[in-house]
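Here is the file query-v8.txt (compact mmCIF, C-alpha atoms).
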```
# COMPACT_ATOMS: atom_id res chain seq x y z
CA ILE G 25 66.29 54.59 -27.02
CA ASP G 26 69.38 55.73 -28.97
CA GLY G 27 70.31 52.98 -31.41
CA ASN G 28 73.74 54.42 -32.12
CA LEU G 29 74.61 54.41 -28.43
CA ALA G 30 73.34 50.84 -27.98
CA ARG G 31 75.44 49.77 -30.98
CA ALA G 32 78.52 51.48 -29.50
CA ILE G 33 78.03 49.78 -26.13
CA ALA G 34 77.68 46.43 -27.89
CA GLN G 35 80.97 47.09 -29.70
CA ASP G 36 82.64 48.04 -26.41
CA THR G 37 81.39 44.80 -24.90
CA LEU G 38 82.35 42.50 -27.77
CA ALA G 39 85.82 44.06 -27.87
CA LEU G 40 86.43 42.26 -24.56
CA GLY G 41 85.07 38.88 -25.65
CA PRO G 42 82.47 37.05 -27.77
CA ARG G 43 80.31 35.64 -24.96
CA VAL G 44 78.10 38.01 -22.97
CA LEU G 45 76.02 37.90 -19.80
CA GLU G 46 73.62 40.83 -20.22
CA LEU G 47 72.03 42.14 -17.02
CA GLY G 48 68.63 43.78 -17.20
CA ALA G 49 68.01 43.22 -20.89
CA GLY G 50 64.68 45.11 -20.86
CA GLY G 51 63.13 45.19 -24.31
CA GLY G 52 66.34 44.13 -26.06
CA ALA G 53 67.77 47.51 -27.14
CA LEU G 54 71.33 46.31 -26.43
CA THR G 55 70.63 42.61 -26.97
CA THR G 56 69.87 43.00 -30.65
CA HIS G 57 73.28 44.55 -31.31
CA LEU G 58 75.11 42.04 -29.12
CA LEU G 59 73.57 39.16 -31.04
CA ASP G 60 74.88 40.59 -34.30
CA GLY G 61 78.43 39.74 -33.26
CA ALA G 62 78.41 37.45 -30.24
CA GLU G 63 78.87 33.70 -30.02
CA ARG G 64 76.41 33.59 -27.15
CA VAL G 65 74.29 36.05 -25.19
CA VAL G 66 72.58 35.06 -21.95
CA CYS G 67 70.14 37.76 -20.79
CA VAL G 68 68.81 38.32 -17.29
CA GLU G 69 65.49 40.14 -16.95
CA ILE G 70 63.02 40.22 -14.04
CA ASP G 71 59.93 41.66 -15.77
CA ARG G 72 57.90 38.78 -17.16
CA LYS G 73 56.25 40.94 -19.81
CA LEU G 74 59.67 42.00 -21.05
CA CYS G 75 60.84 38.38 -20.88
CA ALA G 76 58.00 37.57 -23.29
CA VAL G 77 59.13 40.40 -25.57
CA LEU G 78 62.71 39.10 -25.54
CA GLU G 79 61.58 35.55 -26.28
CA ALA G 80 59.41 36.75 -29.16
CA GLN G 81 62.27 38.73 -30.69
CA PHE G 82 65.21 36.42 -30.20
CA SER G 83 64.15 32.85 -29.39
CA ASP G 84 64.94 31.77 -32.95
CA ARG G 85 68.59 32.80 -32.50
CA GLU G 86 70.78 29.88 -31.46
CA SER G 87 73.14 32.21 -29.63
CA PHE G 88 70.38 33.59 -27.36
CA ARG G 89 69.29 32.36 -23.95
CA LEU G 90 67.09 34.04 -21.36
CA ILE G 91 67.11 33.85 -17.56
CA CYS G 92 63.82 35.33 -16.39
CA GLY G 93 64.64 36.13 -12.78
CA ASP G 94 65.70 38.66 -10.17
CA LEU G 95 69.19 40.09 -10.60
CA ALA G 96 69.32 40.69 -6.83
CA ARG G 97 69.09 36.92 -6.28
CA LEU G 98 71.03 35.76 -9.31
CA ASP G 99 73.08 32.57 -9.05
CA TRP G 100 76.20 34.14 -10.53
CA ASP G 101 78.19 30.95 -10.94
CA ALA G 102 75.33 29.25 -12.79
CA ALA G 103 74.74 32.29 -14.99
CA VAL G 104 78.41 32.54 -15.94
CA GLU G 105 78.52 28.81 -16.66
CA ALA G 106 75.49 29.18 -18.94
CA VAL G 107 77.35 31.71 -21.09
CA GLY G 108 80.60 29.79 -21.42
CA PRO G 109 84.26 30.47 -20.66
CA LEU G 110 85.30 34.01 -19.72
CA PRO G 111 82.14 35.95 -20.56
CA VAL G 112 81.84 39.71 -20.57
CA VAL G 113 79.22 40.97 -18.10
CA ALA G 114 77.29 43.95 -19.46
CA GLY G 115 74.18 45.98 -18.90
CA ASN G 116 72.48 49.16 -17.76
CA LEU G 117 72.69 48.80 -13.99
CA PRO G 118 69.87 49.96 -11.70
CA TYR G 119 71.33 52.29 -9.09
CA VAL G 120 70.17 50.24 -6.11
CA LEU G 121 71.99 47.15 -7.41
CA THR G 122 75.12 48.76 -8.82
CA SER G 123 77.39 48.03 -5.84
CA LYS G 124 76.01 44.50 -5.52
CA VAL G 125 76.78 43.75 -9.18
CA LEU G 126 80.25 45.33 -9.04
CA PHE G 127 81.24 43.35 -5.95
CA ALA G 128 79.88 40.19 -7.60
CA LEU G 129 82.12 40.95 -10.57
CA ALA G 130 85.08 41.26 -8.18
CA ASP G 131 84.25 37.83 -6.78
CA LEU G 132 84.11 36.49 -10.36
CA ARG G 133 87.39 38.14 -11.39
CA ARG G 134 88.96 34.81 -12.40
CA GLN G 135 85.88 33.72 -14.36
CA VAL G 136 85.15 36.76 -16.54
CA ALA G 137 86.81 38.72 -19.33
CA GLY G 138 85.56 41.98 -17.82
CA GLY G 139 82.49 44.17 -17.64
CA VAL G 140 80.89 47.01 -19.58
CA PHE G 141 78.16 48.87 -17.72
CA MET G 142 76.03 51.96 -17.94
CA VAL G 143 75.93 53.50 -14.46
CA GLN G 144 74.97 56.81 -12.93
CA LYS G 145 77.68 59.42 -13.47
CA GLU G 146 78.34 59.68 -9.73
CA VAL G 147 79.15 55.95 -9.59
CA ALA G 148 81.62 56.31 -12.46
CA GLU G 149 83.23 59.20 -10.59
CA ARG G 150 83.49 57.17 -7.39
CA LEU G 151 85.10 54.27 -9.26
CA ALA G 152 87.66 56.59 -10.85
CA ALA G 153 88.36 58.58 -7.67
CA ARG G 154 91.87 59.02 -6.31
CA PRO G 155 93.01 59.16 -2.67
CA GLY G 156 92.34 62.37 -0.82
CA GLY G 157 88.89 63.24 -2.15
CA LYS G 158 85.45 62.62 -0.73
CA ASP G 159 84.58 60.26 -3.62
CA PHE G 160 87.46 57.90 -2.82
CA GLY G 161 85.97 54.99 -0.93
CA ILE G 162 85.22 51.30 -0.86
CA LEU G 163 84.27 51.02 -4.54
CA ALA G 164 87.45 52.71 -5.78
CA VAL G 165 89.70 50.68 -3.47
CA VAL G 166 88.14 47.24 -3.96
CA MET G 167 87.33 47.45 -7.66
CA GLY G 168 90.53 49.31 -8.51
CA SER G 169 92.58 46.62 -6.79
CA VAL G 170 91.61 43.90 -9.26
CA PHE G 171 90.33 45.75 -12.37
CA GLU G 172 91.53 48.41 -14.75
CA ILE G 173 88.62 50.88 -14.84
CA ARG G 174 87.91 53.29 -17.70
CA THR G 175 85.06 55.69 -18.38
CA LEU G 176 84.26 55.16 -22.07
CA ARG G 177 81.67 57.85 -22.71
CA PRO G 178 79.20 60.14 -20.97
CA VAL G 179 75.50 59.45 -21.50
CA PRO G 180 72.94 62.30 -21.32
CA PRO G 181 69.39 61.84 -19.96
CA SER G 182 67.95 62.51 -23.43
CA VAL G 183 68.80 59.00 -24.70
CA PHE G 184 66.43 57.35 -22.20
CA TRP G 185 62.71 56.95 -21.97
CA PRO G 186 61.41 57.74 -19.43
CA ARG G 187 64.01 60.49 -19.14
CA PRO G 188 65.92 60.29 -15.82
CA ASP G 189 66.99 63.23 -13.68
CA VAL G 190 70.66 62.20 -13.68
CA ASP G 191 73.53 61.87 -16.13
CA SER G 192 75.06 58.45 -16.78
CA ALA G 193 78.31 57.04 -18.09
CA VAL G 194 79.51 53.87 -19.77
CA ILE G 195 82.43 52.23 -17.96
CA SER G 196 84.61 49.23 -18.69
CA LEU G 197 86.40 46.99 -16.23
CA THR G 198 89.12 44.62 -17.38
CA PRO G 199 90.85 42.20 -15.01
CA GLY G 200 94.14 43.36 -13.59
CA GLU G 201 96.43 41.54 -11.19
CA LEU G 202 95.02 38.25 -9.94
CA TRP G 203 95.55 38.16 -6.20
CA PRO G 204 95.64 34.94 -4.20
CA ASP G 205 92.04 34.26 -3.16
CA ASP G 206 92.76 34.17 0.57
CA GLU G 207 94.49 37.55 0.40
CA PHE G 208 91.63 39.20 -1.47
CA GLU G 209 89.03 37.64 0.82
CA ALA G 210 90.79 39.22 3.81
CA PHE G 211 91.33 42.54 2.03
CA VAL G 212 87.69 43.33 1.19
CA PRO G 213 86.27 43.05 4.75
CA LEU G 214 89.16 45.14 6.09
CA VAL G 215 88.49 47.94 3.61
CA LYS G 216 84.76 47.88 4.30
CA ALA G 217 85.26 47.86 8.06
CA LEU G 218 87.73 50.75 8.18
CA PHE G 219 85.80 52.87 5.68
CA GLY G 220 82.72 52.36 7.83
CA GLN G 221 83.88 55.28 10.01
CA ARG G 222 85.88 57.20 7.44
CA ARG G 223 86.21 60.41 9.44
CA LYS G 224 88.24 58.71 12.17
CA LYS G 225 91.98 58.19 12.03
CA LEU G 226 93.30 54.79 11.06
CA ARG G 227 95.04 54.31 14.41
CA SER G 228 91.79 54.39 16.37
CA LEU G 229 89.90 52.42 13.73
CA TRP G 230 92.53 49.70 13.82
CA ARG G 231 92.50 49.55 17.63
CA ASN G 232 88.71 49.25 17.66
CA LEU G 233 88.82 46.46 15.10
CA TYR G 234 91.81 44.42 16.23
CA GLY G 235 92.90 45.69 19.63
CA GLY G 236 96.59 46.03 20.47
CA ASP G 237 98.55 48.68 22.28
CA VAL G 238 99.81 51.91 20.76
CA SER G 239 103.38 50.70 20.18
CA GLU G 240 102.20 47.55 18.36
CA ILE G 241 99.93 49.58 16.09
CA GLU G 242 102.63 52.17 15.41
CA SER G 243 105.08 49.40 14.50
CA LEU G 244 102.61 47.68 12.19
CA PHE G 245 101.77 50.91 10.35
CA ALA G 246 105.44 51.72 9.99
CA GLN G 247 105.99 48.29 8.47
CA ALA G 248 103.15 48.96 6.01
CA GLY G 249 104.46 52.44 5.22
CA VAL G 250 101.16 54.05 6.23
CA ASP G 251 100.62 57.07 8.47
CA PRO G 252 98.40 55.95 11.39
CA ASP G 253 97.07 59.51 11.65
CA ALA G 254 95.69 59.30 8.11
CA ARG G 255 92.00 58.80 7.44
CA PRO G 256 90.78 55.99 5.17
CA GLU G 257 90.26 58.17 2.08
CA GLN G 258 93.90 59.30 2.24
CA VAL G 259 95.34 55.80 1.77
CA ASP G 260 95.89 54.43 -1.72
CA THR G 261 95.01 50.92 -2.86
CA ALA G 262 98.58 49.59 -2.65
CA ALA G 263 98.82 50.75 0.97
CA TRP G 264 95.47 49.14 1.78
CA ARG G 265 96.86 45.90 0.45
CA ARG G 266 99.98 46.16 2.64
CA LEU G 267 97.82 46.83 5.69
CA SER G 268 95.60 43.88 4.88
CA ALA G 269 98.61 41.56 4.63
CA LEU G 270 99.64 42.54 8.18
CA ALA G 271 96.17 42.40 9.75
CA PRO G 272 95.27 39.59 12.16
CA ARG G 273 92.98 37.08 10.46
CA ARG G 274 89.56 37.32 12.08
CA ARG G 275 87.57 34.14 12.71
```
Let me see whether you can do it: turn the structure in this file into structure tokens.
Amino acid sequence: IDGNLARAIAQDTLALGPRVLELGAGGGALTTHLLDGAERVVCVEIDRKLCAVLEAQFSDRESFRLICGDLARLDWDAAVEAVGPLPVVAGNLPYVLTSKVLFALADLRRQVAGGVFMVQKEVAERLAARPGGKDFGILAVVMGSVFEIRTLRPVPPSVFWPRPDVDSAVISLTPGELWPDDEFEAFVPLVKALFGQRRKKLRSLWRNLYGGDVSEIESLFAQAGVDPDARPEQVDTAAWRRLSALAPRRR
């Protein structure tokens, strides 16, 4: 409900590119500011009453298009194509869908100019986490491997109605190194599998996942420059990538 904040988020978004896929457009608080400077804005909204509100406000704008549907079942490729080349994905993400949207963005890393999202503060902290802490996990490793992640500004509960019980933050993600697709597609399942039992040591996790005797595992970890007695949260993203490159490809 804070117009100045919505305007600032729109500026953050348009700084990455002029075409925007807005997720969860609601009543158009962000949309109206995006349309002031964008070439095209494609909004996704599930609530049909709010879809009617958006249509009433913006249907006369040539740069506006609405997808009235469920973000959890969104056809991402079709939505991105509807916006045009290299769109920026933006929106206030519902907590239950935050990871789903972020991993979708990772899959779309070659097709987008980046993302600007409002998320719960704890999600922003997990994305920015460094090895060794309890917040360092799958999100930090996977998203940090292909995006540069910045926290742009904190957002207090007072700017929302209804007022939530948590603090939020606006984050931006801009594409980093573009990995070969086959390497990234092997990397993500490995990270998810080994973080699934994060309190165990990597040696035992690796043996459970891939088999092999102790000497083989020790040799592989030495080649990757990773301590097999480390736990998943102690291994940085570059080391995860080296491990992934040496892992047997599972069929």
(request) Compile the contact shell of Tyr119 (chain G) as a ChimeraX atom specification: residues with an atom at most 9 Å away, counting only C-alpha atoms, same-chain residues fewer than 5 positions apart removed. (result) /G:143-144,147
(message) Please determine, counting only C-alpha atoms, which residue among G:Ala76, G:Leu40, G:Ile195, G:Leu129 has the shortest atom-to-atom distance to Arg150 (chain G).
(response)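 Using only C-alpha atoms, Arg150 (chain G) sits closest to G:Ile195.
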(message) When you look at Phe219 (chain G) with a cut-off of 12 Å (counting all atoms listed in the file), what residues show up, excluding the ones that are within fewer than 2 positions of it in the same chain? I need them as an NGL selection string.
(response) :G and (158-166 or 212-217 or 221-226 or 229-230 or 233 or 255-259 or 264)
(request) Point out the residue among G:Ala269, G:Pro188, G:Ala263, G:Val238 with the least atom-to-atom distance to Pro155 (chain G), counting all atoms listed in the file. (result) G:Ala263
(request) Could you give me, as number ranges by chain, the residues that sit within 9 Å of (77.1, 48.1, -23.4) in the file's coordinates, counting all atoms listed in the file? (result) G: 29-38, 46, 54, 58, 114-116, 139-142, 194-196
(request) Within 10 Å of Arg134 (chain G), counting only C-alpha atoms, which residues show up once you throw out same-chain ones fewer than 2 positions away? Write them as a VMD selection string, please. (result) chain G and resid 110 129 to 132 136 to 138 170 199 202 to 203 205
Centre and edge lengths, as JSON, for the axis-aligned box enclosing every listed atom of region 25-43 of chain G with 3 Å of padding on each of the six sides, in Å to one decimal?
```
{"center_x": 76.4, "center_y": 45.7, "center_z": -28.3, "size_x": 26.1, "size_y": 26.1, "size_z": 13.6}
```
Can you tell me, as a short mmCIF file (atom, residue, chain, number, x, y, z; two decimals) with C-alpha atoms, keeping the file's coordinate frame, what residues are no more than 10 Å from Ala262 (chain G) when counting all atoms listed in the file, ignoring any on the same chain fewer than 2 positions away?
```
data_model
loop_
_atom_site.label_atom_id
_atom_site.label_comp_id
_atom_site.auth_asym_id
_atom_site.auth_seq_id
_atom_site.Cartn_x
_atom_site.Cartn_y
_atom_site.Cartn_z
CA VAL G 165 89.70 50.68 -3.47
CA GLY G 168 90.53 49.31 -8.51
CA SER G 169 92.58 46.62 -6.79
CA ALA G 248 103.15 48.96 6.01
CA VAL G 259 95.34 55.80 1.77
CA ASP G 260 95.89 54.43 -1.72
CA TRP G 264 95.47 49.14 1.78
CA ARG G 265 96.86 45.90 0.45
CA ARG G 266 99.98 46.16 2.64
CA LEU G 267 97.82 46.83 5.69
CA SER G 268 95.60 43.88 4.88
#
```
(request) Could you check how far CA of Arg227 (chain G) sits from CA of Phe245 (chain G), in Å to one decimal? (result) 8.6 Å
(request) Check the smallest atom-to-atom distance from each of G:Leu78, G:Ile241, G:Leu151, G:Ala210 to Arg273 (chain G) using only C-alpha atoms, then report the winner. (result)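 Once distances to Arg273 (chain G) are computed over only C-alpha atoms, the minimum belongs to G:Ala210.
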